$ cat model_30.txt   # compact mmCIF, C-alpha atoms (C1' of nucleotides)
# COMPACT_ATOMS: atom_id res chain seq x y z
CA MET B 1 62.34 -42.47 166.00
CA ALA B 2 64.43 -44.65 163.77
CA PRO B 3 63.78 -48.39 163.81
CA ARG B 4 66.23 -50.42 165.81
CA ARG B 5 69.03 -51.78 163.72
CA PRO B 6 69.77 -55.51 163.87
CA PRO B 7 72.69 -56.72 166.01
CA ILE B 8 76.06 -56.39 164.36
CA ALA B 9 76.41 -60.07 163.54
CA ASP B 10 73.30 -59.85 161.36
CA LEU B 11 74.31 -56.79 159.42
CA PRO B 12 74.47 -57.19 155.65
CA PRO B 13 77.96 -57.59 154.18
CA ALA B 14 77.49 -54.26 152.41
CA LEU B 15 78.38 -52.59 155.68
CA THR B 16 81.98 -53.62 155.55
CA ARG B 17 82.49 -54.48 151.92
CA GLY B 18 84.90 -52.93 149.50
CA HIS B 19 87.76 -52.77 151.95
CA ASP B 20 89.83 -54.78 154.40
CA HIS B 21 87.68 -54.15 157.41
CA GLY B 22 89.97 -55.90 159.88
CA ARG B 23 92.70 -53.51 158.88
CA CYS B 24 90.22 -50.67 159.06
CA VAL B 25 89.38 -51.46 162.70
CA ALA B 26 92.99 -52.11 163.64
CA ASP B 27 94.04 -48.77 162.18
CA ALA B 28 91.32 -46.95 164.06
CA LEU B 29 92.32 -48.57 167.35
CA ALA B 30 96.01 -47.88 166.80
CA GLU B 31 95.28 -44.26 165.98
CA ALA B 32 93.12 -43.98 169.10
CA GLU B 33 95.94 -45.42 171.23
CA ARG B 34 98.36 -42.97 169.74
CA LEU B 35 96.08 -39.98 170.23
CA CYS B 36 95.19 -40.85 173.81
CA ALA B 37 98.85 -41.39 174.67
CA SER B 38 99.80 -38.04 173.19
CA ARG B 39 97.03 -36.35 175.16
CA ASP B 40 97.85 -38.21 178.33
CA VAL B 41 94.36 -39.62 178.73
CA ARG B 42 93.62 -43.26 179.40
CA LEU B 43 92.15 -45.49 176.73
CA THR B 44 91.20 -48.21 179.19
CA GLU B 45 90.24 -51.76 178.24
CA LEU B 46 86.55 -50.89 178.50
CA ARG B 47 86.86 -47.75 176.40
CA LYS B 48 88.96 -49.53 173.82
CA ARG B 49 86.50 -52.41 173.65
CA VAL B 50 83.57 -50.04 173.18
CA LEU B 51 85.45 -48.23 170.42
CA GLU B 52 86.18 -51.58 168.77
CA LEU B 53 82.53 -52.62 168.95
CA ILE B 54 81.51 -49.33 167.37
CA TRP B 55 84.07 -49.83 164.61
CA ALA B 56 82.78 -53.36 163.99
CA SER B 57 80.68 -51.87 161.22
CA HIS B 58 80.34 -48.62 159.36
CA ALA B 59 76.79 -48.34 160.59
CA PRO B 60 75.90 -46.37 163.69
CA VAL B 61 75.41 -48.45 166.82
CA GLY B 62 73.06 -47.61 169.67
CA ALA B 63 74.20 -47.38 173.26
CA TYR B 64 71.99 -50.27 174.32
CA ALA B 65 73.25 -52.44 171.46
CA ILE B 66 76.78 -51.85 172.73
CA MET B 67 75.59 -52.75 176.20
CA ASP B 68 74.18 -56.03 174.92
CA LEU B 69 77.39 -56.83 173.09
CA LEU B 70 79.42 -56.21 176.24
CA ARG B 71 77.09 -58.46 178.19
CA GLY B 72 77.52 -61.15 175.56
CA GLU B 73 81.19 -61.09 176.47
CA GLY B 74 80.48 -61.70 180.12
CA ARG B 75 80.78 -58.08 181.22
CA ASN B 76 77.97 -56.96 183.47
CA ALA B 77 77.48 -53.66 181.67
CA MET B 78 74.86 -51.23 182.88
CA PRO B 79 73.82 -48.07 181.00
CA PRO B 80 76.11 -45.64 182.87
CA THR B 81 79.12 -47.82 182.07
CA VAL B 82 78.39 -47.58 178.37
CA TYR B 83 77.46 -43.91 178.37
CA ARG B 84 80.61 -42.97 180.25
CA ALA B 85 82.74 -44.80 177.74
CA LEU B 86 80.82 -43.10 174.93
CA ASP B 87 81.26 -39.70 176.57
CA PHE B 88 84.99 -40.24 176.78
CA LEU B 89 85.24 -41.33 173.16
CA LEU B 90 83.10 -38.37 172.06
CA GLU B 91 85.23 -35.93 174.05
CA GLN B 92 88.37 -37.30 172.46
CA GLY B 93 86.78 -37.07 169.04
CA LEU B 94 87.17 -40.79 168.44
CA ILE B 95 83.50 -41.29 167.72
CA HIS B 96 80.57 -39.14 166.66
CA ARG B 97 76.95 -39.18 167.67
CA ILE B 98 74.35 -39.33 164.90
CA ALA B 99 71.59 -37.23 166.41
CA SER B 100 68.87 -38.33 164.03
CA LEU B 101 69.47 -41.99 164.92
CA ASN B 102 70.48 -41.72 168.57
CA ALA B 103 73.49 -43.81 167.65
CA TYR B 104 77.26 -43.65 167.54
CA ILE B 105 79.85 -44.21 164.86
CA GLY B 106 83.63 -44.23 164.67
CA CYS B 107 85.32 -41.05 163.50
CA SER B 108 87.31 -41.75 160.39
CA HIS B 109 89.86 -38.99 160.94
CA PRO B 110 90.18 -38.23 164.62
CA GLY B 111 92.72 -35.73 165.84
CA GLU B 112 92.09 -33.30 163.01
CA ALA B 113 89.81 -30.34 163.45
CA HIS B 114 86.85 -30.96 161.21
CA ALA B 115 83.18 -30.18 160.83
CA THR B 116 81.76 -33.34 159.45
CA GLN B 117 78.76 -34.33 157.40
CA TYR B 118 77.12 -37.73 157.49
CA PHE B 119 75.42 -39.50 154.64
CA ILE B 120 73.25 -42.25 156.04
CA CYS B 121 71.98 -45.03 153.78
CA LYS B 122 68.52 -46.16 154.79
CA ARG B 123 68.97 -49.46 152.97
CA CYS B 124 72.23 -50.85 154.32
CA GLY B 125 72.68 -48.54 157.28
CA THR B 126 76.17 -47.48 156.27
CA VAL B 127 77.18 -43.96 157.19
CA ALA B 128 79.76 -42.11 155.17
CA GLU B 129 81.62 -39.41 157.03
CA ILE B 130 82.55 -36.56 154.74
CA ASP B 131 84.43 -33.38 155.39
CA ASN B 132 83.24 -31.22 152.55
CA PRO B 133 84.75 -27.73 152.66
CA GLY B 134 81.98 -26.37 150.45
CA ILE B 135 79.25 -27.32 152.89
CA ASP B 136 81.32 -26.01 155.74
CA ALA B 137 81.95 -22.72 153.96
CA ALA B 138 78.27 -22.34 153.08
CA ILE B 139 77.27 -22.84 156.70
CA ALA B 140 79.99 -20.47 157.86
CA GLY B 141 78.70 -17.88 155.41
CA ALA B 142 75.16 -18.22 156.73
CA THR B 143 76.28 -17.90 160.36
CA LYS B 144 78.27 -14.81 159.53
CA HIS B 145 75.32 -13.27 157.75
CA LEU B 146 73.11 -13.97 160.78
CA GLY B 147 75.66 -12.72 163.29
CA PHE B 148 75.47 -16.20 164.75
CA LEU B 149 78.46 -17.64 166.61
CA PRO B 150 78.52 -21.35 165.80
CA GLU B 151 79.89 -23.87 168.28
CA SER B 152 78.83 -27.22 166.98
CA GLN B 153 76.96 -28.39 163.96
CA THR B 154 75.01 -31.40 162.85
CA VAL B 155 74.70 -32.24 159.17
CA GLU B 156 73.00 -35.55 158.49
CA VAL B 157 71.62 -36.57 155.12
CA VAL B 158 69.44 -39.67 154.93
CA GLY B 159 68.97 -41.40 151.59
CA VAL B 160 70.27 -44.26 149.49
CA CYS B 161 74.00 -44.77 148.98
CA ALA B 162 75.70 -45.53 145.67
CA ASP B 163 76.06 -49.23 146.55
CA CYS B 164 72.36 -49.61 147.26
CA GLY B 165 70.89 -47.23 144.68
CA PRO B 166 69.34 -48.08 141.31
CA ALA B 167 72.66 -47.59 139.50
CA ALA B 168 74.15 -50.43 141.56
CA ARG B 169 71.56 -52.91 140.36
CA MET F 170 71.12 -34.57 176.04
CA ALA F 171 70.06 -30.97 176.14
CA PRO F 172 68.81 -29.60 179.45
CA ARG F 173 65.08 -29.28 179.73
CA ARG F 174 63.88 -25.92 178.69
CA PRO F 175 61.66 -24.00 181.10
CA PRO F 176 57.91 -23.93 180.47
CA ILE F 177 56.82 -21.41 177.90
CA ALA F 178 55.50 -18.89 180.40
CA ASP F 179 58.99 -18.60 181.90
CA LEU F 180 60.87 -18.13 178.67
CA PRO F 181 62.92 -14.97 178.37
CA PRO F 182 61.34 -12.19 176.28
CA ALA F 183 64.14 -12.59 173.76
CA LEU F 184 62.24 -15.57 172.40
CA THR F 185 59.51 -13.48 170.95
CA ARG F 186 61.02 -10.05 170.78
CA GLY F 187 61.57 -7.91 167.76
CA HIS F 188 58.22 -8.69 166.20
CA ASP F 189 54.50 -8.78 166.79
CA HIS F 190 54.34 -12.30 168.04
CA GLY F 191 50.57 -12.45 168.32
CA ARG F 192 50.38 -11.68 164.64
CA CYS F 193 53.12 -14.18 164.00
CA VAL F 194 51.10 -16.97 165.64
CA ALA F 195 47.85 -15.91 164.03
CA ASP F 196 49.46 -15.91 160.59
CA ALA F 197 50.90 -19.35 161.13
CA LEU F 198 47.54 -20.74 162.20
CA ALA F 199 45.74 -19.11 159.30
CA GLU F 200 48.25 -20.48 156.84
CA ALA F 201 47.89 -23.93 158.41
CA GLU F 202 44.13 -23.76 158.05
CA ARG F 203 44.47 -22.74 154.44
CA LEU F 204 46.96 -25.48 153.61
CA CYS F 205 44.99 -28.23 155.33
CA ALA F 206 41.81 -27.13 153.59
CA SER F 207 43.54 -27.15 150.21
CA ARG F 208 44.90 -30.63 150.88
CA ASP F 209 41.61 -31.89 152.22
CA VAL F 210 43.07 -32.99 155.54
CA ARG F 211 41.59 -32.12 158.91
CA LEU F 212 43.22 -29.59 161.18
CA THR F 213 41.18 -30.64 164.21
CA GLU F 214 40.90 -28.63 167.42
CA LEU F 215 43.56 -30.76 169.07
CA ARG F 216 45.98 -30.45 166.18
CA LYS F 217 45.40 -26.74 165.90
CA ARG F 218 45.91 -26.27 169.63
CA VAL F 219 49.18 -28.24 169.55
CA LEU F 220 50.38 -26.16 166.62
CA GLU F 221 49.47 -23.00 168.52
CA LEU F 222 51.35 -24.15 171.62
CA ILE F 223 54.40 -24.89 169.52
CA TRP F 224 54.17 -21.46 167.94
CA ALA F 225 53.90 -19.83 171.37
CA SER F 226 57.63 -19.24 171.16
CA HIS F 227 60.39 -19.47 168.61
CA ALA F 228 62.13 -22.02 170.77
CA PRO F 229 61.65 -25.74 170.22
CA VAL F 230 59.17 -27.40 172.55
CA GLY F 231 59.35 -30.98 173.74
CA ALA F 232 56.46 -33.42 173.33
CA TYR F 233 56.05 -33.79 177.07
CA ALA F 234 56.05 -30.04 177.59
CA ILE F 235 53.18 -29.84 175.11
CA MET F 236 51.44 -32.60 177.02
CA ASP F 237 51.79 -30.66 180.27
CA LEU F 238 50.41 -27.52 178.63
CA LEU F 239 47.40 -29.43 177.31
CA ARG F 240 46.81 -30.86 180.76
CA GLY F 241 47.00 -27.37 182.22
CA GLU F 242 44.00 -26.59 180.02
CA GLY F 243 41.98 -29.46 181.44
CA ARG F 244 42.63 -31.86 178.60
CA ASN F 245 43.61 -35.32 179.77
CA ALA F 246 46.45 -35.67 177.29
CA MET F 247 48.52 -38.83 177.19
CA PRO F 248 51.70 -39.28 175.12
CA PRO F 249 50.08 -40.92 172.09
CA THR F 250 47.63 -38.04 171.81
CA VAL F 251 50.48 -35.57 171.58
CA TYR F 252 52.66 -37.68 169.31
CA ARG F 253 49.82 -38.29 166.89
CA ALA F 254 49.17 -34.58 166.64
CA LEU F 255 52.90 -33.99 166.16
CA ASP F 256 53.06 -36.69 163.47
CA PHE F 257 50.22 -35.05 161.60
CA LEU F 258 51.82 -31.61 161.80
CA LEU F 259 55.17 -33.03 160.70
CA GLU F 260 53.59 -34.83 157.76
CA GLN F 261 51.89 -31.66 156.65
CA GLY F 262 55.15 -29.76 156.99
CA LEU F 263 53.63 -27.39 159.54
CA ILE F 264 56.30 -28.11 162.12
CA HIS F 265 59.83 -29.50 162.13
CA ARG F 266 61.60 -31.77 164.54
CA ILE F 267 64.94 -30.62 165.89
CA ALA F 268 66.77 -33.93 166.16
CA SER F 269 69.56 -32.70 168.38
CA LEU F 270 67.05 -31.43 170.95
CA ASN F 271 64.26 -33.98 170.61
CA ALA F 272 61.93 -31.04 170.26
CA TYR F 273 59.53 -29.46 167.80
CA ILE F 274 59.22 -26.03 166.25
CA GLY F 275 56.83 -24.30 163.89
CA CYS F 276 57.79 -24.19 160.24
CA SER F 277 58.05 -20.61 159.13
CA HIS F 278 57.21 -21.25 155.51
CA PRO F 279 55.07 -24.35 155.18
CA GLY F 280 53.72 -25.42 151.83
CA GLU F 281 56.90 -24.58 149.97
CA ALA F 282 59.43 -27.27 149.15
CA HIS F 283 62.49 -26.44 151.16
CA ALA F 284 65.50 -28.00 152.79
CA THR F 285 65.93 -26.05 155.92
CA GLN F 286 68.75 -25.25 158.28
CA TYR F 287 68.33 -24.44 161.95
CA PHE F 288 70.45 -22.09 163.99
CA ILE F 289 69.87 -22.83 167.64
CA CYS F 290 70.93 -20.32 170.29
CA LYS F 291 72.13 -22.03 173.44
CA ARG F 292 71.53 -18.90 175.49
CA CYS F 293 67.94 -17.93 174.73
CA GLY F 294 66.81 -21.11 173.03
CA THR F 295 65.56 -19.34 169.93
CA VAL F 296 65.82 -21.29 166.71
CA ALA F 297 66.14 -19.47 163.42
CA GLU F 298 64.91 -21.40 160.42
CA ILE F 299 66.90 -20.55 157.34
CA ASP F 300 66.60 -21.73 153.78
CA ASN F 301 70.05 -20.99 152.47
CA PRO F 302 70.45 -22.03 148.84
CA GLY F 303 74.24 -22.10 149.20
CA ILE F 304 74.16 -24.73 151.92
CA ASP F 305 71.60 -26.68 149.98
CA ALA F 306 73.66 -26.52 146.82
CA ALA F 307 76.81 -27.58 148.65
CA ILE F 308 75.05 -30.60 150.11
CA ALA F 309 73.53 -31.44 146.74
CA GLY F 310 76.99 -31.27 145.21
CA ALA F 311 78.38 -33.65 147.80
CA THR F 312 75.56 -36.14 147.33
CA LYS F 313 76.04 -36.09 143.58
CA HIS F 314 79.76 -36.67 143.97
CA LEU F 315 79.05 -39.64 146.27
CA GLY F 316 76.34 -41.07 144.05
CA PHE F 317 74.10 -40.69 147.05
CA LEU F 318 70.36 -40.20 146.60
CA PRO F 319 69.24 -37.83 149.36
CA GLU F 320 65.76 -38.02 150.82
CA SER F 321 65.85 -35.92 153.92
CA GLN F 322 68.44 -33.84 155.61
CA THR F 323 69.15 -32.42 159.02
CA VAL F 324 71.26 -29.30 159.38
CA GLU F 325 71.41 -27.95 162.90
CA VAL F 326 73.95 -25.43 164.11
CA VAL F 327 74.19 -24.76 167.83
CA GLY F 328 75.81 -21.55 169.04
CA VAL F 329 75.03 -18.04 170.19
CA CYS F 330 72.64 -15.84 168.24
CA ALA F 331 73.20 -12.19 167.33
CA ASP F 332 70.85 -11.01 170.10
CA CYS F 333 72.71 -12.95 172.78
CA GLY F 334 76.28 -12.67 171.50
CA PRO F 335 79.03 -10.30 172.68
CA ALA F 336 78.16 -7.74 170.01
CA ALA F 337 74.70 -7.38 171.55
CA ARG F 338 76.11 -6.38 174.95
C1' DG C 339 17.96 -39.93 157.89
C1' DT C 340 20.56 -44.08 159.05
C1' DC C 341 24.13 -46.82 159.18
C1' DA C 342 28.58 -48.67 157.76
C1' DA C 343 33.25 -47.40 157.32
C1' DC C 344 36.86 -44.80 158.67
C1' DA C 345 39.46 -41.12 160.82
C1' DG C 346 40.55 -39.33 165.10
C1' DT C 347 41.12 -39.57 170.04
C1' DG C 348 41.32 -41.95 174.68
C1' DT C 349 43.60 -45.30 177.58
C1' DT C 350 46.80 -48.65 179.33
C1' DA C 351 51.01 -50.47 179.17
C1' DT C 352 55.63 -50.66 177.81
C1' DA C 353 59.90 -49.81 174.97
C1' DA C 354 64.09 -47.11 174.02
C1' DT C 355 67.33 -43.76 175.38
C1' DG C 356 69.76 -41.33 178.88
C1' DT C 357 71.17 -39.51 183.74
C1' DA C 358 71.81 -38.88 189.02
C1' DA C 359 73.88 -40.43 193.04
C1' DC C 360 76.71 -43.06 195.57
C1' DA C 361 79.69 -47.32 196.38
C1' DA C 362 83.56 -50.13 195.11
C1' DT C 363 87.67 -50.70 192.71
C1' DT C 364 91.80 -49.67 190.26
C1' DA C 365 95.63 -46.72 188.83
C1' DT C 366 98.98 -42.99 189.97
C1' DG C 367 102.12 -40.02 192.28
C1' DC C 368 104.44 -39.15 196.41
C1' DG D 369 102.97 -48.38 201.01
C1' DC D 370 99.52 -45.12 201.01
C1' DA D 371 96.69 -41.13 200.06
C1' DT D 372 94.48 -39.43 196.18
C1' DA D 373 92.11 -39.31 192.08
C1' DA D 374 90.22 -41.61 188.13
C1' DT D 375 87.51 -45.29 186.61
C1' DT D 376 83.97 -48.61 186.93
C1' DG D 377 79.96 -50.90 189.34
C1' DT D 378 75.30 -50.54 191.01
C1' DT D 379 70.70 -48.91 191.99
C1' DA D 380 67.27 -46.11 190.89
C1' DC D 381 64.97 -43.10 187.98
C1' DA D 382 64.05 -39.47 184.19
C1' DT D 383 62.89 -38.49 179.46
C1' DT D 384 61.28 -39.56 174.95
C1' DA D 385 58.52 -42.51 172.14
C1' DT D 386 55.47 -46.41 170.55
C1' DA D 387 52.19 -50.61 170.52
C1' DA D 388 47.72 -52.25 171.03
C1' DC D 389 43.16 -51.85 171.59
C1' DA D 390 38.81 -49.25 172.93
C1' DC D 391 35.89 -45.51 172.15
C1' DT D 392 33.95 -41.48 169.65
C1' DG D 393 32.87 -38.54 166.12
C1' DT D 394 32.64 -37.55 160.81
C1' DT D 395 31.57 -38.72 156.30
C1' DG D 396 29.38 -40.57 152.56
C1' DA D 397 26.42 -44.28 150.31
C1' DC D 398 22.02 -45.61 150.13
$ encode --input "model_30.txt" --output "structure tokens"
Amino acid sequence: MAPRRPPIADLPPALTRGHDHGRCVADALAEAERLCASRDVRLTELRKRVLELIWASHAPVGAYAIMDLLRGEGRNAMPPTVYRALDFLLEQGLIHRIASLNAYIGCSHPGEAHATQYFICKRCGTVAEIDNPGIDAAIAGATKHLGFLPESQTVEVVGVCADCGPAAR
Amino acid sequence: MAPRRPPIADLPPALTRGHDHGRCVADALAEAERLCASRDVRLTELRKRVLELIWASHAPVGAYAIMDLLRGEGRNAMPPTVYRALDFLLEQGLIHRIASLNAYIGCSHPGEAHATQYFICKRCGTVAEIDNPGIDAAIAGATKHLGFLPESQTVEVVGVCADCGPAAR
DNA sequence: GTCAACAGTGTTATAATGTAACAATTATGC
DNA sequence: GCATAATTGTTACATTATAACACTGTTGAC
């Protein structure tokens, strides 16, 4: 099992550097509002707040970390409350689950059909979400060859990102 | 979370069909013995038995299912006992962990360097371990483009296998 | 051979993640 | 308004995994 990540407030600046993160979060929330409205599903206060907490960094956040953050805001959040919000956000494609970390991360292009790959930096914790057609095509080719009917796929690469690697030193 | 799989004795015959499974297990154990001897590490009775239980089917087996099987044999197995055996087998590359199922499966070609992909059938539970150079190359290309230094990767595709799909009916 | 050192296993307790079941509340359509 | 359904609250528990320390068996130096 992966070690527990520190609370969001303690995350290194690398997690949100190189871009206007406030804007980044605002955009994600606005897009979520728009999508939910168009689908006639309800992005309630709780669900929106959970999405916002997940977007607070580009590192995956665990369900219990989200629960603690909600509690820090005075909400008496119990596990089912968090997991239901996560389930909703997953169903709507607004977040993804990183299976190898048991953690959740905001989807950077919700609303579009995509099979995504994640590149997880073990130094700073940042996860890059990539939609690489080559990887997708290679997997599709393998499934076809096997006669396998794919429904969902998990591609997670753990390593060191460009910001944290030797070249960045 | 994935539903708990039934105990090995109850698994559908599809899990081991199409080949001489006794031979399959025996080969895996023999290869494990050979590899451990060559590396000068100890494949103890416990470790060998856990490996054998994992190889009992081509479906992933959970740590607690292994524990129950060991107990069924009179061994008083507690979680750390099982996890330590699993850790050893993982380190030696004799088994793999399927992250999306929190379960373990025998490696079909241990000893060789390989980045593997898993095709998990949601009907029969069988997992096919594939080493597709195309997928590997595509992922390597993406990491290079990102300046990302990969260390380990997880590729798991869930769907319906050829034996269980509509074409097999 | 014996004994020290270490690897492996046993044992107890607990942490981390996730779900079931039902009650209370809030939103929605009529 | 009010019945209905969706959402959230609450309690309890299931599943997966690890920490810490005790005990046992193996190995190698002498």
$ interface_residues --input "model_30.txt" --of "chain C" --to "chain F" --cutoff "8 Å" --atoms "only C-alpha atoms (C1' of nucleotides)" --output "number ranges by chain"
C: 347-348, 356
$ closest_residue --input "model_30.txt" --among "D:DA382, D:DT376, D:DA388, D:DG369" --to "chain B" --atoms "all atoms listed in the file"
D:DT376
$ interface_residues --input "model_30.txt" --of "chain F" --to "chain D" --cutoff "10 Å" --atoms "only C-alpha atoms (C1' of nucleotides)" --output "list in words"
Met170, Arg173, Gly231, Ala232, Tyr233, Pro248, Pro249, Tyr252, Asn271 and Ala272 of chain F
$ calpha_fit_and_write --input "model_30.txt" --fixed "chain B" --moving "chain F" --output "short mmCIF file (atom, residue, chain, number, x, y, z; two decimals) with C-alpha atoms, in the coordinates of the input"
data_model
loop_
_atom_site.label_atom_id
_atom_site.label_comp_id
_atom_site.auth_asym_id
_atom_site.auth_seq_id
_atom_site.Cartn_x
_atom_site.Cartn_y
_atom_site.Cartn_z
CA MET F 170 62.29 -42.73 165.60
CA ALA F 171 64.44 -44.94 163.45
CA PRO F 172 63.79 -48.68 163.58
CA ARG F 173 66.24 -50.64 165.65
CA ARG F 174 69.08 -51.91 163.62
CA PRO F 175 69.87 -55.62 163.80
CA PRO F 176 72.79 -56.77 165.95
CA ILE F 177 76.16 -56.42 164.31
CA ALA F 178 76.54 -60.09 163.48
CA ASP F 179 73.41 -59.90 161.32
CA LEU F 180 74.35 -56.81 159.37
CA PRO F 181 74.48 -57.18 155.61
CA PRO F 182 77.98 -57.53 154.13
CA ALA F 183 77.51 -54.19 152.40
CA LEU F 184 78.37 -52.56 155.70
CA THR F 185 81.96 -53.58 155.55
CA ARG F 186 82.49 -54.40 151.93
CA GLY F 187 84.88 -52.83 149.52
CA HIS F 188 87.75 -52.69 151.97
CA ASP F 189 89.83 -54.69 154.39
CA HIS F 190 87.70 -54.09 157.40
CA GLY F 191 89.98 -55.84 159.86
CA ARG F 192 92.70 -53.43 158.88
CA CYS F 193 90.23 -50.60 159.07
CA VAL F 194 89.40 -51.43 162.70
CA ALA F 195 93.00 -52.07 163.65
CA ASP F 196 94.05 -48.72 162.21
CA ALA F 197 91.33 -46.91 164.08
CA LEU F 198 92.33 -48.53 167.36
CA ALA F 199 96.00 -47.81 166.80
CA GLU F 200 95.28 -44.20 166.01
CA ALA F 201 93.11 -43.96 169.14
CA GLU F 202 95.91 -45.36 171.25
CA ARG F 203 98.34 -42.90 169.77
CA LEU F 204 96.05 -39.91 170.27
CA CYS F 205 95.16 -40.81 173.85
CA ALA F 206 98.81 -41.33 174.71
CA SER F 207 99.74 -37.96 173.22
CA ARG F 208 96.97 -36.28 175.19
CA ASP F 209 97.81 -38.13 178.36
CA VAL F 210 94.32 -39.57 178.77
CA ARG F 211 93.59 -43.22 179.44
CA LEU F 212 92.15 -45.46 176.77
CA THR F 213 91.20 -48.19 179.24
CA GLU F 214 90.24 -51.73 178.27
CA LEU F 215 86.56 -50.88 178.53
CA ARG F 216 86.86 -47.75 176.42
CA LYS F 217 88.97 -49.51 173.85
CA ARG F 218 86.52 -52.40 173.66
CA VAL F 219 83.57 -50.03 173.19
CA LEU F 220 85.44 -48.21 170.45
CA GLU F 221 86.19 -51.55 168.79
CA LEU F 222 82.54 -52.61 168.95
CA ILE F 223 81.50 -49.34 167.39
CA TRP F 224 84.06 -49.81 164.64
CA ALA F 225 82.80 -53.34 163.99
CA SER F 226 80.69 -51.86 161.22
CA HIS F 227 80.33 -48.60 159.38
CA ALA F 228 76.77 -48.34 160.59
CA PRO F 229 75.88 -46.39 163.71
CA VAL F 230 75.40 -48.48 166.83
CA GLY F 231 73.06 -47.65 169.68
CA ALA F 232 74.22 -47.43 173.29
CA TYR F 233 72.03 -50.33 174.33
CA ALA F 234 73.27 -52.48 171.47
CA ILE F 235 76.80 -51.88 172.74
CA MET F 236 75.63 -52.82 176.21
CA ASP F 237 74.19 -56.09 174.91
CA LEU F 238 77.43 -56.87 173.09
CA LEU F 239 79.46 -56.24 176.24
CA ARG F 240 77.13 -58.50 178.18
CA GLY F 241 77.55 -61.18 175.53
CA GLU F 242 81.23 -61.12 176.46
CA GLY F 243 80.51 -61.75 180.12
CA ARG F 244 80.83 -58.15 181.22
CA ASN F 245 78.01 -57.02 183.48
CA ALA F 246 77.51 -53.73 181.69
CA MET F 247 74.87 -51.29 182.88
CA PRO F 248 73.85 -48.12 181.01
CA PRO F 249 76.12 -45.70 182.88
CA THR F 250 79.12 -47.87 182.09
CA VAL F 251 78.39 -47.63 178.39
CA TYR F 252 77.47 -43.95 178.40
CA ARG F 253 80.60 -43.01 180.29
CA ALA F 254 82.73 -44.82 177.76
CA LEU F 255 80.79 -43.13 174.96
CA ASP F 256 81.22 -39.72 176.61
CA PHE F 257 84.95 -40.25 176.82
CA LEU F 258 85.20 -41.32 173.18
CA LEU F 259 83.05 -38.38 172.10
CA GLU F 260 85.17 -35.94 174.08
CA GLN F 261 88.31 -37.28 172.49
CA GLY F 262 86.72 -37.04 169.06
CA LEU F 263 87.14 -40.77 168.48
CA ILE F 264 83.47 -41.29 167.75
CA HIS F 265 80.53 -39.14 166.68
CA ARG F 266 76.91 -39.19 167.70
CA ILE F 267 74.33 -39.35 164.94
CA ALA F 268 71.57 -37.23 166.44
CA SER F 269 68.85 -38.34 164.07
CA LEU F 270 69.46 -41.99 164.95
CA ASN F 271 70.47 -41.73 168.60
CA ALA F 272 73.46 -43.83 167.68
CA TYR F 273 77.24 -43.68 167.59
CA ILE F 274 79.83 -44.21 164.90
CA GLY F 275 83.61 -44.21 164.69
CA CYS F 276 85.27 -41.03 163.53
CA SER F 277 87.27 -41.72 160.43
CA HIS F 278 89.80 -38.98 160.97
CA PRO F 279 90.14 -38.19 164.65
CA GLY F 280 92.67 -35.68 165.86
CA GLU F 281 92.05 -33.27 163.02
CA ALA F 282 89.75 -30.30 163.46
CA HIS F 283 86.81 -30.93 161.21
CA ALA F 284 83.15 -30.18 160.81
CA THR F 285 81.74 -33.33 159.44
CA GLN F 286 78.73 -34.33 157.41
CA TYR F 287 77.08 -37.73 157.52
CA PHE F 288 75.39 -39.50 154.66
CA ILE F 289 73.21 -42.23 156.08
CA CYS F 290 71.91 -45.00 153.82
CA LYS F 291 68.45 -46.13 154.84
CA ARG F 292 68.88 -49.44 153.04
CA CYS F 293 72.15 -50.83 154.38
CA GLY F 294 72.63 -48.52 157.32
CA THR F 295 76.12 -47.47 156.29
CA VAL F 296 77.12 -43.96 157.23
CA ALA F 297 79.70 -42.12 155.17
CA GLU F 298 81.57 -39.42 157.03
CA ILE F 299 82.50 -36.58 154.74
CA ASP F 300 84.41 -33.40 155.37
CA ASN F 301 83.23 -31.26 152.52
CA PRO F 302 84.78 -27.79 152.60
CA GLY F 303 82.00 -26.42 150.39
CA ILE F 304 79.27 -27.34 152.85
CA ASP F 305 81.37 -26.02 155.68
CA ALA F 306 82.02 -22.76 153.88
CA ALA F 307 78.34 -22.34 153.02
CA ILE F 308 77.36 -22.82 156.65
CA ALA F 309 80.10 -20.46 157.78
CA GLY F 310 78.81 -17.88 155.34
CA ALA F 311 75.29 -18.18 156.69
CA THR F 312 76.43 -17.86 160.29
CA LYS F 313 78.45 -14.77 159.46
CA HIS F 314 75.48 -13.22 157.69
CA LEU F 315 73.30 -13.92 160.75
CA GLY F 316 75.88 -12.69 163.23
CA PHE F 317 75.68 -16.15 164.70
CA LEU F 318 78.66 -17.62 166.54
CA PRO F 319 78.68 -21.35 165.74
CA GLU F 320 80.02 -23.88 168.21
CA SER F 321 78.92 -27.22 166.93
CA GLN F 322 77.01 -28.39 163.95
CA THR F 323 75.02 -31.39 162.86
CA VAL F 324 74.69 -32.22 159.18
CA GLU F 325 72.98 -35.51 158.50
CA VAL F 326 71.59 -36.54 155.15
CA VAL F 327 69.41 -39.63 154.97
CA GLY F 328 68.91 -41.38 151.64
CA VAL F 329 70.19 -44.24 149.53
CA CYS F 330 73.90 -44.77 149.01
CA ALA F 331 75.61 -45.53 145.70
CA ASP F 332 75.95 -49.23 146.58
CA CYS F 333 72.25 -49.61 147.32
CA GLY F 334 70.78 -47.22 144.75
CA PRO F 335 69.20 -48.06 141.37
CA ALA F 336 72.50 -47.56 139.55
CA ALA F 337 74.00 -50.40 141.59
CA ARG F 338 71.38 -52.90 140.40
#
$ atom_distance --input "model_30.txt" --atom1 "atom CA of Val251 of chain F" --atom2 "atom CA of Val219 of chain F"
7.7 Å
